[in-house]
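File shown: start.cif. Contents: mmCIF, C-alpha atoms.
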```cif
data_coords
loop_
_atom_site.group_PDB
_atom_site.id
_atom_site.type_symbol
_atom_site.label_atom_id
_atom_site.label_comp_id
_atom_site.auth_asym_id
_atom_site.auth_seq_id
_atom_site.Cartn_x
_atom_site.Cartn_y
_atom_site.Cartn_z
ATOM 1 C CA MET A 369 0.000 0.000 0.000
ATOM 2 C CA SER A 370 1.410 3.366 -0.987
ATOM 3 C CA THR A 371 1.960 6.170 1.512
ATOM 4 C CA LEU A 372 -0.928 8.095 -0.046
ATOM 5 C CA GLN A 373 -3.333 5.146 0.327
ATOM 6 C CA THR A 374 -2.251 4.596 3.934
ATOM 7 C CA ALA A 375 -2.909 8.251 4.708
ATOM 8 C CA GLU A 376 -6.374 7.963 3.105
ATOM 9 C CA VAL A 377 -7.217 4.924 5.227
ATOM 10 C CA LEU A 378 -5.983 6.592 8.425
ATOM 11 C CA GLN A 379 -8.039 9.708 7.692
ATOM 12 C CA SER A 380 -11.196 7.732 6.878
ATOM 13 C CA PRO A 381 -13.915 8.574 9.428
ATOM 14 C CA TRP A 382 -15.382 5.005 9.285
ATOM 15 C CA GLU A 383 -18.814 6.513 9.134
ATOM 16 C CA GLY A 384 -21.758 5.539 6.953
ATOM 17 C CA ARG A 385 -22.832 1.960 6.214
ATOM 18 C CA SER A 386 -20.810 -1.223 6.088
ATOM 19 C CA CYS A 387 -21.033 -3.625 3.144
ATOM 20 C CA PHE A 388 -23.757 -5.508 5.071
ATOM 21 C CA GLY A 389 -26.010 -2.444 5.146
ATOM 22 C CA THR A 390 -25.539 -1.896 8.884
ATOM 23 C CA GLY A 391 -23.584 0.810 10.676
ATOM 24 C CA TRP A 392 -19.989 -0.098 11.569
ATOM 25 C CA HIS A 393 -20.726 -0.194 15.308
ATOM 26 C CA LYS A 394 -23.538 -2.645 14.773
ATOM 27 C CA LEU A 395 -21.427 -4.777 12.461
ATOM 28 C CA MET A 396 -18.676 -4.933 15.096
ATOM 29 C CA MET A 397 -21.256 -6.039 17.674
ATOM 30 C CA TRP A 398 -22.353 -8.805 15.294
ATOM 31 C CA VAL A 399 -18.721 -9.855 14.821
ATOM 32 C CA PHE A 400 -18.341 -10.032 18.603
ATOM 33 C CA ILE A 401 -21.576 -12.020 18.941
ATOM 34 C CA ILE A 402 -20.451 -14.512 16.285
ATOM 35 C CA THR A 403 -17.066 -15.073 17.941
ATOM 36 C CA ASP A 404 -18.641 -15.387 21.377
ATOM 37 C CA GLY A 405 -21.236 -17.738 19.914
ATOM 38 C CA LEU A 406 -18.434 -19.912 18.558
ATOM 39 C CA VAL A 407 -16.934 -20.158 22.057
ATOM 40 C CA PHE A 408 -20.268 -21.396 23.399
ATOM 41 C CA ALA A 409 -20.547 -23.752 20.392
ATOM 42 C CA GLY A 410 -17.174 -25.211 21.444
ATOM 43 C CA PHE A 411 -18.347 -25.666 25.036
ATOM 44 C CA LEU A 412 -21.589 -27.340 23.988
ATOM 45 C CA ALA A 413 -19.829 -29.595 21.461
ATOM 46 C CA ALA A 414 -17.414 -30.659 24.232
ATOM 47 C CA TYR A 415 -20.389 -31.293 26.518
ATOM 48 C CA GLY A 416 -21.999 -33.453 23.818
ATOM 49 C CA PHE A 417 -18.738 -35.413 23.541
ATOM 50 C CA LEU A 418 -18.671 -36.006 27.309
ATOM 51 C CA ARG A 419 -22.271 -37.214 27.276
ATOM 52 C CA MET A 420 -21.501 -39.624 24.448
ATOM 53 C CA ALA A 421 -18.306 -40.937 26.023
ATOM 54 C CA SER A 422 -19.706 -41.405 29.551
ATOM 55 C CA PRO A 423 -21.313 -44.793 30.213
ATOM 56 C CA THR A 424 -23.530 -43.146 32.850
ATOM 57 C CA TRP A 425 -24.783 -39.622 33.343
ATOM 58 C CA PRO A 426 -26.632 -38.311 36.410
ATOM 59 C CA ASP A 427 -30.408 -38.243 36.259
ATOM 60 C CA ARG A 428 -31.257 -34.531 36.011
ATOM 61 C CA SER A 429 -34.533 -34.923 37.945
ATOM 62 C CA ARG A 430 -32.497 -36.066 40.974
ATOM 63 C CA ILE A 431 -30.303 -32.959 40.873
ATOM 64 C CA PHE A 432 -32.291 -30.052 39.484
ATOM 65 C CA HIS A 433 -35.759 -28.763 40.189
ATOM 66 C CA LEU A 434 -36.922 -28.252 36.626
ATOM 67 C CA GLU A 435 -39.707 -25.908 37.808
ATOM 68 C CA PHE A 436 -37.033 -23.639 39.296
ATOM 69 C CA ILE A 437 -35.007 -23.668 36.060
ATOM 70 C CA ALA A 438 -38.233 -22.998 34.129
ATOM 71 C CA VAL A 439 -38.810 -19.845 36.200
ATOM 72 C CA MET A 440 -35.208 -18.747 35.470
ATOM 73 C CA THR A 441 -35.885 -19.287 31.759
ATOM 74 C CA PHE A 442 -39.167 -17.380 31.998
ATOM 75 C CA ILE A 443 -37.383 -14.438 33.641
ATOM 76 C CA LEU A 444 -34.676 -14.354 30.965
ATOM 77 C CA ILE A 445 -37.203 -14.549 28.094
ATOM 78 C CA THR A 446 -39.260 -11.758 29.700
ATOM 79 C CA SER A 447 -36.146 -9.604 30.141
ATOM 80 C CA SER A 448 -35.392 -10.119 26.450
ATOM 81 C CA ALA A 449 -38.908 -8.886 25.586
ATOM 82 C CA THR A 450 -38.508 -5.786 27.779
ATOM 83 C CA MET A 451 -35.110 -5.145 26.155
ATOM 84 C CA ALA A 452 -36.680 -5.369 22.684
ATOM 85 C CA CYS A 453 -39.296 -2.831 23.872
ATOM 86 C CA ALA A 454 -36.480 -0.569 25.147
ATOM 87 C CA VAL A 455 -34.865 -0.649 21.692
ATOM 88 C CA GLY A 456 -38.243 0.091 20.094
ATOM 89 C CA ALA A 457 -38.851 3.019 22.485
ATOM 90 C CA ALA A 458 -35.353 4.426 21.888
ATOM 91 C CA ARG A 459 -35.893 4.287 18.117
ATOM 92 C CA LEU A 460 -39.158 6.228 18.558
ATOM 93 C CA GLY A 461 -37.293 8.834 20.606
ATOM 94 C CA ARG A 462 -39.097 7.919 23.864
ATOM 95 C CA ARG A 463 -36.032 8.080 26.055
ATOM 96 C CA ALA A 464 -37.810 7.938 29.433
ATOM 97 C CA ARG A 465 -39.801 4.882 28.362
ATOM 98 C CA ALA A 466 -36.646 3.263 26.976
ATOM 99 C CA ARG A 467 -34.903 3.803 30.328
ATOM 100 C CA GLN A 468 -37.831 2.199 32.188
ATOM 101 C CA PHE A 469 -37.688 -0.861 29.958
ATOM 102 C CA ILE A 470 -33.900 -1.110 30.398
ATOM 103 C CA LEU A 471 -34.285 -0.962 34.177
ATOM 104 C CA LEU A 472 -36.877 -3.754 34.008
ATOM 105 C CA THR A 473 -34.374 -5.769 31.959
ATOM 106 C CA VAL A 474 -31.663 -5.142 34.558
ATOM 107 C CA LEU A 475 -34.054 -6.333 37.282
ATOM 108 C CA GLY A 476 -34.707 -9.498 35.275
ATOM 109 C CA GLY A 477 -30.983 -10.073 34.887
ATOM 110 C CA LEU A 478 -30.370 -9.597 38.602
ATOM 111 C CA ALA A 479 -33.206 -12.002 39.458
ATOM 112 C CA PHE A 480 -31.711 -14.586 37.093
ATOM 113 C CA LEU A 481 -28.265 -14.175 38.657
ATOM 114 C CA GLY A 482 -29.714 -14.482 42.171
ATOM 115 C CA MET A 483 -31.486 -17.702 41.223
ATOM 116 C CA GLN A 484 -28.343 -19.071 39.601
ATOM 117 C CA ALA A 485 -26.345 -18.256 42.728
ATOM 118 C CA TYR A 486 -28.963 -20.154 44.765
ATOM 119 C CA GLU A 487 -28.764 -23.157 42.435
ATOM 120 C CA TRP A 488 -24.953 -23.174 42.569
ATOM 121 C CA THR A 489 -24.991 -22.901 46.365
ATOM 122 C CA LYS A 490 -27.403 -25.840 46.598
ATOM 123 C CA LEU A 491 -25.206 -28.021 44.375
ATOM 124 C CA ILE A 492 -21.958 -27.025 46.110
ATOM 125 C CA THR A 493 -23.550 -27.709 49.504
ATOM 126 C CA ALA A 494 -24.556 -31.161 48.217
ATOM 127 C CA GLY A 495 -20.890 -31.860 47.437
ATOM 128 C CA ALA A 496 -20.587 -30.934 43.762
ATOM 129 C CA SER A 497 -17.412 -29.311 42.481
ATOM 130 C CA MET A 498 -15.425 -28.977 39.257
ATOM 131 C CA SER A 499 -13.718 -32.333 39.924
ATOM 132 C CA SER A 500 -16.330 -34.425 41.718
ATOM 133 C CA ASN A 501 -19.995 -34.780 42.562
ATOM 134 C CA PRO A 502 -22.119 -37.231 44.548
ATOM 135 C CA TRP A 503 -24.135 -38.330 41.497
ATOM 136 C CA GLY A 504 -21.424 -40.132 39.535
ATOM 137 C CA PRO A 505 -19.329 -38.906 36.568
ATOM 138 C CA PRO A 506 -16.967 -36.147 37.809
ATOM 139 C CA LEU A 507 -17.193 -34.460 34.414
ATOM 140 C CA PHE A 508 -20.820 -33.636 35.125
ATOM 141 C CA GLY A 509 -19.709 -31.054 37.719
ATOM 142 C CA ALA A 510 -16.988 -29.692 35.447
ATOM 143 C CA SER A 511 -19.321 -29.186 32.481
ATOM 144 C CA PHE A 512 -22.163 -27.806 34.634
ATOM 145 C CA PHE A 513 -20.047 -25.192 36.430
ATOM 146 C CA THR A 514 -18.112 -24.229 33.279
ATOM 147 C CA ILE A 515 -21.100 -23.780 30.971
ATOM 148 C CA THR A 516 -23.541 -22.166 33.424
ATOM 149 C CA GLY A 517 -20.705 -20.133 34.979
ATOM 150 C CA PHE A 518 -19.598 -18.793 31.608
ATOM 151 C CA HIS A 519 -23.190 -17.935 30.749
ATOM 152 C CA GLY A 520 -23.715 -16.341 34.185
ATOM 153 C CA ALA A 521 -20.624 -14.178 33.608
ATOM 154 C CA HIS A 522 -22.233 -12.984 30.388
ATOM 155 C CA VAL A 523 -25.457 -12.139 32.245
ATOM 156 C CA LEU A 524 -23.419 -10.175 34.811
ATOM 157 C CA SER A 525 -21.626 -8.304 32.005
ATOM 158 C CA GLY A 526 -24.994 -7.600 30.376
ATOM 159 C CA VAL A 527 -26.473 -6.228 33.610
ATOM 160 C CA THR A 528 -23.428 -3.946 34.007
ATOM 161 C CA LEU A 529 -23.599 -2.815 30.371
ATOM 162 C CA LEU A 530 -27.341 -2.106 30.566
ATOM 163 C CA SER A 531 -26.935 -0.160 33.830
ATOM 164 C CA ILE A 532 -24.315 2.043 32.142
ATOM 165 C CA VAL A 533 -26.557 2.516 29.092
ATOM 166 C CA ALA A 534 -29.509 3.481 31.354
ATOM 167 C CA ILE A 535 -27.378 6.086 33.151
ATOM 168 C CA ARG A 536 -25.990 7.457 29.879
ATOM 169 C CA LEU A 537 -29.504 7.557 28.435
ATOM 170 C CA ALA A 538 -30.690 9.588 31.442
ATOM 171 C CA LEU A 539 -27.791 11.992 30.872
ATOM 172 C CA GLY A 540 -28.580 12.232 27.162
ATOM 173 C CA ARG A 541 -25.232 10.749 26.198
ATOM 174 C CA THR A 542 -26.481 7.607 24.461
ATOM 175 C CA ARG A 543 -28.311 7.532 21.141
ATOM 176 C CA ALA A 544 -30.845 4.934 19.984
ATOM 177 C CA GLU A 545 -28.030 2.975 18.323
ATOM 178 C CA GLY A 546 -26.301 2.553 21.694
ATOM 179 C CA VAL A 547 -29.451 1.021 23.170
ATOM 180 C CA GLU A 548 -29.777 -1.235 20.132
ATOM 181 C CA LEU A 549 -26.199 -2.514 20.487
ATOM 182 C CA ALA A 550 -26.696 -3.258 24.195
ATOM 183 C CA GLY A 551 -29.962 -4.964 23.245
ATOM 184 C CA LEU A 552 -28.208 -7.181 20.703
ATOM 185 C CA TYR A 553 -25.820 -8.365 23.398
ATOM 186 C CA TRP A 554 -28.658 -9.055 25.851
ATOM 187 C CA HIS A 555 -30.651 -11.051 23.294
ATOM 188 C CA PHE A 556 -27.518 -13.057 22.546
ATOM 189 C CA VAL A 557 -27.284 -13.947 26.246
ATOM 190 C CA ASP A 558 -30.919 -15.099 26.109
ATOM 191 C CA LEU A 559 -30.245 -17.020 22.890
ATOM 192 C CA VAL A 560 -27.353 -18.907 24.462
ATOM 193 C CA TRP A 561 -29.570 -19.853 27.407
ATOM 194 C CA VAL A 562 -32.056 -21.435 24.965
ATOM 195 C CA PHE A 563 -29.292 -23.852 23.922
ATOM 196 C CA VAL A 564 -27.954 -24.397 27.454
ATOM 197 C CA PHE A 565 -31.446 -24.994 28.872
ATOM 198 C CA THR A 566 -32.349 -27.530 26.181
ATOM 199 C CA LEU A 567 -29.071 -29.417 25.964
ATOM 200 C CA PHE A 568 -28.132 -29.415 29.655
ATOM 201 C CA TYR A 569 -31.440 -29.566 31.514
ATOM 202 C CA LEU A 570 -33.845 -31.283 29.116
ATOM 203 C CA VAL A 571 -31.875 -33.668 26.879
ATOM 204 C CA MET B 1080 -48.362 -0.220 23.390
ATOM 205 C CA SER B 1081 -49.040 -1.156 19.739
ATOM 206 C CA ALA B 1082 -45.382 -0.351 18.926
ATOM 207 C CA TYR B 1083 -44.326 -3.254 21.134
ATOM 208 C CA LYS B 1084 -47.086 -5.692 20.123
ATOM 209 C CA ASN B 1085 -44.807 -7.837 17.957
ATOM 210 C CA TYR B 1086 -42.301 -8.237 20.809
ATOM 211 C CA TRP B 1087 -44.929 -9.386 23.300
ATOM 212 C CA LEU B 1088 -46.428 -11.785 20.770
ATOM 213 C CA THR B 1089 -42.948 -13.261 20.291
ATOM 214 C CA TRP B 1090 -42.580 -13.472 24.085
ATOM 215 C CA LEU B 1091 -45.901 -15.359 24.302
ATOM 216 C CA VAL B 1092 -44.884 -17.856 21.618
ATOM 217 C CA LEU B 1093 -41.488 -18.358 23.320
ATOM 218 C CA LEU B 1094 -43.279 -18.999 26.596
ATOM 219 C CA PHE B 1095 -45.611 -21.606 25.100
ATOM 220 C CA VAL B 1096 -42.774 -23.362 23.268
ATOM 221 C CA THR B 1097 -40.725 -23.443 26.499
ATOM 222 C CA LEU B 1098 -43.663 -24.876 28.457
ATOM 223 C CA GLY B 1099 -44.173 -27.470 25.718
ATOM 224 C CA MET B 1100 -40.492 -28.412 25.862
ATOM 225 C CA ILE B 1101 -40.627 -28.856 29.639
ATOM 226 C CA PHE B 1102 -43.778 -30.962 29.343
ATOM 227 C CA VAL B 1103 -42.227 -33.201 26.682
ATOM 228 C CA GLY B 1104 -38.840 -33.277 28.445
ATOM 229 C CA THR B 1105 -40.326 -34.525 31.720
ATOM 230 C CA SER B 1106 -42.687 -37.064 30.136
ATOM 231 C CA SER B 1107 -41.727 -40.682 29.590
ATOM 232 C CA VAL B 1108 -41.449 -40.323 25.810
ATOM 233 C CA SER B 1109 -38.840 -42.402 23.961
ATOM 234 C CA LYS B 1110 -35.414 -40.749 23.815
ATOM 235 C CA TRP B 1111 -35.260 -41.121 20.028
ATOM 236 C CA PHE B 1112 -38.521 -39.224 19.667
ATOM 237 C CA LEU B 1113 -37.677 -36.700 22.381
ATOM 238 C CA LEU B 1114 -34.294 -35.586 21.038
ATOM 239 C CA PRO B 1115 -35.334 -34.349 17.552
ATOM 240 C CA LEU B 1116 -38.454 -32.737 19.018
ATOM 241 C CA LEU B 1117 -36.485 -30.780 21.627
ATOM 242 C CA LEU B 1118 -33.788 -29.809 19.118
ATOM 243 C CA ALA B 1119 -36.428 -28.563 16.666
ATOM 244 C CA ALA B 1120 -38.159 -26.541 19.414
ATOM 245 C CA MET B 1121 -34.761 -25.132 20.461
ATOM 246 C CA LEU B 1122 -34.087 -23.961 16.898
ATOM 247 C CA VAL B 1123 -37.579 -22.437 16.641
ATOM 248 C CA LYS B 1124 -36.934 -20.462 19.830
ATOM 249 C CA ALA B 1125 -33.506 -19.369 18.604
ATOM 250 C CA GLY B 1126 -35.070 -18.280 15.304
ATOM 251 C CA LEU B 1127 -37.736 -16.250 17.090
ATOM 252 C CA ILE B 1128 -35.204 -14.471 19.296
ATOM 253 C CA GLY B 1129 -32.813 -13.842 16.404
ATOM 254 C CA GLY B 1130 -35.485 -12.837 13.910
ATOM 255 C CA ASN B 1131 -37.830 -10.739 16.037
ATOM 256 C CA PHE B 1132 -35.813 -9.520 19.028
ATOM 257 C CA MET B 1133 -32.445 -9.083 17.286
ATOM 258 C CA HIS B 1134 -34.193 -7.905 14.091
ATOM 259 C CA LEU B 1135 -32.235 -10.322 11.900
ATOM 260 C CA ARG B 1136 -35.315 -10.526 9.662
ATOM 261 C CA LYS B 1137 -34.632 -6.962 8.587
ATOM 262 C CA GLU B 1138 -30.912 -7.429 7.937
ATOM 263 C CA ARG B 1139 -29.300 -8.371 4.637
ATOM 264 C CA LEU B 1140 -29.229 -12.055 3.737
ATOM 265 C CA ALA B 1141 -25.412 -12.129 3.764
ATOM 266 C CA LEU B 1142 -25.315 -11.052 7.425
ATOM 267 C CA VAL B 1143 -28.147 -13.420 8.369
ATOM 268 C CA LEU B 1144 -26.326 -16.362 6.777
ATOM 269 C CA ILE B 1145 -23.002 -15.500 8.408
ATOM 270 C CA VAL B 1146 -24.602 -15.241 11.842
ATOM 271 C CA THR B 1147 -26.922 -18.247 11.710
ATOM 272 C CA LEU B 1148 -25.236 -20.750 9.433
ATOM 273 C CA GLY B 1149 -21.758 -19.675 10.525
ATOM 274 C CA THR B 1150 -22.262 -20.426 14.206
ATOM 275 C CA LEU B 1151 -24.603 -23.400 13.763
ATOM 276 C CA LEU B 1152 -22.473 -25.165 11.169
ATOM 277 C CA VAL B 1153 -19.266 -24.651 13.156
ATOM 278 C CA GLY B 1154 -21.017 -26.047 16.248
ATOM 279 C CA VAL B 1155 -22.301 -29.077 14.338
ATOM 280 C CA ALA B 1156 -18.928 -29.597 12.601
ATOM 281 C CA LEU B 1157 -17.113 -29.421 15.949
ATOM 282 C CA PHE B 1158 -19.441 -32.009 17.433
ATOM 283 C CA ALA B 1159 -19.334 -34.215 14.326
ATOM 284 C CA GLY B 1160 -15.531 -34.107 14.446
ATOM 285 C CA ILE B 1161 -15.234 -35.383 18.007
ATOM 286 C CA ALA B 1162 -18.431 -37.459 18.321
ATOM 287 C CA PRO B 1163 -16.900 -40.658 16.792
ATOM 288 C CA ASP B 1164 -14.174 -40.580 19.453
ATOM 289 C CA GLY B 1165 -16.836 -40.188 22.117
ATOM 290 C CA ALA B 1166 -18.695 -43.214 20.778
ATOM 291 C CA ARG B 1167 -15.408 -45.199 20.685
ATOM 292 C CA ILE B 1168 -14.588 -44.338 24.308
ATOM 293 C CA PHE B 1169 -18.119 -45.370 25.265
ATOM 294 C CA GLU B 1170 -17.703 -48.737 23.518
ATOM 295 C CA LEU B 1171 -14.296 -49.319 25.150
ATOM 296 C CA SER B 1172 -15.664 -48.527 28.608
ATOM 297 C CA ARG B 1173 -18.303 -51.261 28.196
ATOM 298 C CA HIS B 1174 -15.699 -54.020 27.706
#
```
Please re-express this file's structure in structure tokens.
Amino acid sequence: MSTLQTAEVLQSPWEGRSCFGTGWHKLMMWVFIITDGLVFAGFLAAYGFLRMASPTWPDRSRIFHLEFIAVMTFILITSSATMACAVGAARLGRRARARQFILLTVLGGLAFLGMQAYEWTKLITAGASMSSNPWGPPLFGASFFTITGFHGAHVLSGVTLLSIVAIRLALGRTRAEGVELAGLYWHFVDLVWVFVFTLFYLV
Amino acid sequence: MSAYKNYWLTWLVLLFVTLGMIFVGTSSVSKWFLLPLLLAAMLVKAGLIGGNFMHLRKERLALVLIVTLGTLLVGVALFAGIAPDGARIFELSRH
């Protein structure tokens, strides 16, 4: 690349639309979501391998209360709906309404985290750890704590991100696009839970 | 509230599909029938979240394909690559 071309690239404002018809910020969020999704795909593929290779696997009904996990799922789905409404409100220029919906989403995220902490505490108290558990294959504990822990960390990051967006929205420092990007991340967290819930708790 | 109608309709469908999955998952249905049913329901839910909440329906096809097929195919390819070894270990552990 010539010196002139390099200077042109460095001076480019990176504004306007990307080749996918989205803004650059949104495209970068999609790139992040894809890469993060691939990490979860790796975890779930490894989990599938462990299930196939293990002669026995603990009976989930003996360990989990499915009704409790169903409530967690319900909360996360509802928080995704409120986040979609927040994005819709922000696009319509209803900033106060958008903030209310974001705060509801944050509450949903906190409730989910609280319930996950309770579930973890119950399992740890029963003797489960990364290397052993009272129900049989030690890899059950490792895969459970790794997958749900990694997802929980994403929920915590999402709650933090949404809290910052809500504050910035109140101060008038975030545009509708900022809410949309935070929303994309939150829906991704919900999307991952759909896979975790089905493959870990139901199958 | 009409501006958010589509989102709440999606939420309702997601709720019913989830309840259906829990009902099927806890029933004494054969594993070979249960697995494809749950996987199909999982993909329907993922499609609803991606399409309606993440607005993928309104994005260009190239982006939609990269996001959906990209992640799904890599996940399936990863599993398909290591699954035979898993089955082999399972067979060895039985002898």
Worksheet entry | Exercise: region 552-563 of chain A partners within 8 Å, all atoms listed in the file, chain neighbours under 2 positions left out, as a count of residues only | 26
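Against this structure, the PyMOL selection byres ((chain B and resi 1086-1099) around 9) ends up with Ala438, Thr441, Phe442, Ile445, Thr446, Ser448, Ala449, Thr450, Ala452 and Cys453 of chain A; Ala1082, Tyr1083, Lys1084, Asn1085, Met1100, Ile1101, Phe1102, Val1103, Gly1104, Ala1120, Met1121, Val1123, Lys1124, Leu1127, Ile1128, Asn1131 and Phe1132 of chain B.
Nearest to chain B of all the residues A:Ala413, A:Ala494, A:Ala375, A:Val439 is A:Ala413, counting all atoms listed in the file.
Here, the PyMOL selection byres ((chain A and resi 534) around 10) matches Arg463, Ala464, Ala466, Arg467, Gln468, Phe469, Ile470, Leu471, Val474, Thr528, Leu529, Leu530, Ser531, Ile532, Val533, Ile535, Arg536, Leu537, Ala538, Leu539, Gly540, Arg541, Thr542 and Val547 of chain A.
CA of Ala544 (chain A) is positioned 4.9 Å from CA of Ala458 (chain A).
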Worksheet item: To one decimal place, how far is CA of Pro505 (chain A) from CA of Pro1115 (chain B) in Å?
Response: 25.3 Å
